[in-house]
Amino acid sequence: MFERLWDLPRELFWVMKNRLPCRRTGESPLLTPQIPIVFERLLPPQQQRFRALQRRYPRAADDNGLDPFNALEWLYILDVCDQFVKVIPTAGRALDVGCADFGYLPALYRFYPAAWDGVELDAHQRYYNGHHRRSYGQAMAARYDGCRYLARDVMELQGRYDLITWFLPFVLPEAQSAYGLPARFFQPQRLLDHVLTLLEPQGVLLIVNQGAREAEAQLGLLLDCAADFDELGPVCSVFSPFSQPRYGWRITALHQGTGRETHRSCPP
C-alpha cells in the first residue's frame with residue numbers, strides 16, 4: 001500500500017501527459033541538417049572514424065536527419081552497430097525498443113536499410129517547444145520507406161524481426177523512477193522474455209546498458225531466459241558523449257547457453 005501511495009504522483013502525471021494532445025501541429029519538429037558544421041566540430045580521431053563509416057555505409061554521407069545537436073549520439077549509434085551487431089540477414093524488418101523520439105533512426109537505417117519500427121511507451125513526453133516525442137518520431141519515420149513510430153508498450157507487439165536494438169533498457173527500478181514512469185511498468189524479465197519472442201530464429205538482438213550495476217542486472221536477466229548470448233563488455237566508440245561506460249550484449253539464438261566475446265578497442 002505504501003509503495004502505491006509513493007507512486008501516486010507518477011501515476012497522475014502519466015495520465016495527464018497521455019491525455020493532453022500536442023497543440024503544435026502546423027510545423028515540422030525536425031531540425032535542419034548541417035553535416036558540414038557537424039564535421040568541423042569533430043575531433044581528429046572522430047573525423048577519421050566518420051570517414052571510415054562513410055566508406056562502409058555510403059548513405060552516411062547523406063545529411064538527412066543529422067544536426068549539430070544530436071550528431072554525436074547519431075554517430076555513436078552507427079559506430080556501435082558497425083562494431084558489435086556483426087552478421088544479420090540481408091532483408092527483413094527491424095525494431096528499436098524504447099526509441100524515445102527516434103532521433104537516431106538515420107543511423108539505424110544507414111546501418112541496416114530495412115523497414116524499422118520504433119516503439120516507445122513514454123511517447124507523449126513533451127519538449128519545451130510544445131512538441132512531444134511522438135511528433136518527432138512520426139516525422140522522422142516518414143522520411144524512410146516502411147518505417148513506423150509506434151507509441152505503445154512493446155508488450156503489445158507481435159510478429160518477428162531480423163534485427164532488434166535496445167539501448168538502455170530499465171533494469172534497475174531507480175533508473176525507471178528517475179524518468180518518471182509509474183512503478184507498474186518495471187518488469188524487466190517479462191519485457192526481455194517478450195522481446196525475445198519477437199526475434200527471428202536467425203536474427204540478432206543488441207542490448208546496451210549504462211554502468212556496471214545495470215550490466216550486472218542485465219546479465220542476471222539473460223541467464224534466466226532461453227537465449228544464447230555474447231557478453232561484449234565495454235561498448236567503446238570515439239563518438240561517445242557519455243560520462244558512464246556502457247556495456248553490450250548480443251543475442252543470436254533462442255536456446256539455452258552462454259557465449260563470451262573478447263572486448264575490442266575502438267577501431268581507427
# chains A, B, ... in the order shown; residues from 1 in each chain; ligands from 1
$ select_by_dssp --residues "segment 39-240 of chain A" --states "helix (DSSP H, G or I)" --output "NGL selection string"
:A and (39-41 or 44-56 or 58-61 or 71-84 or 105-111 or 133-141 or 154-156 or 173-178 or 183-185 or 188-197 or 211-223)
$ closest_atom_pairs --of "segment 190-242 of chain A" --to "segment 48-60 of chain A" --cutoff "12 Å" --atoms "only C-alpha atoms" --output "JSON lines"
{"residue": "A:Ser237", "atom": "CA", "partner": "A:Arg49", "partner_atom": "CA", "distance": 9.3}
{"residue": "A:Val238", "atom": "CA", "partner": "A:Arg49", "partner_atom": "CA", "distance": 7.8}
{"residue": "A:Phe239", "atom": "CA", "partner": "A:Arg49", "partner_atom": "CA", "distance": 8.8}
$ write_last_selection --atoms "N, CA and C atoms" --output "PDB file, in the first residue's frame"
ATOM      1  N   SER A 237      33.367   3.669 -28.292  1.00  0.00           N
ATOM      2  CA  SER A 237      33.220   4.468 -29.506  1.00  0.00           C
ATOM      3  C   SER A 237      33.869   5.830 -29.288  1.00  0.00           C
ATOM      4  N   VAL A 238      34.568   6.318 -30.301  1.00  0.00           N
ATOM      5  CA  VAL A 238      35.174   7.648 -30.203  1.00  0.00           C
ATOM      6  C   VAL A 238      34.115   8.741 -30.178  1.00  0.00           C
ATOM      7  N   PHE A 239      32.890   8.405 -30.523  1.00  0.00           N
ATOM      8  CA  PHE A 239      31.809   9.392 -30.539  1.00  0.00           C
ATOM      9  C   PHE A 239      31.038   9.450 -29.223  1.00  0.00           C
TER      10      PHE A 239
END
$ residues_around --residues "Arg143 of chain A" --least-positions-apart "2" --cutoff "10 Å" --atoms "only C-alpha atoms" --output "PyMOL selection string"
chain A and resi 64-65+105-106+138-141+145-148
$ closest_residue --among "A:Leu163, A:Leu181, A:Gly130, A:Ser135" --to "Pro113 of chain A" --atoms "only C-alpha atoms"
A:Leu163
$ closest_residue --among "A:Ile88, A:Leu121, A:Val171, A:Ile77" --to "Pro201 of chain A" --atoms "only C-alpha atoms"
A:Ile88
$ closest_residue --among "A:Arg110, A:Arg93, A:Arg126, A:Arg250" --to "Asp230 of chain A" --atoms "only C-alpha atoms"
A:Arg250
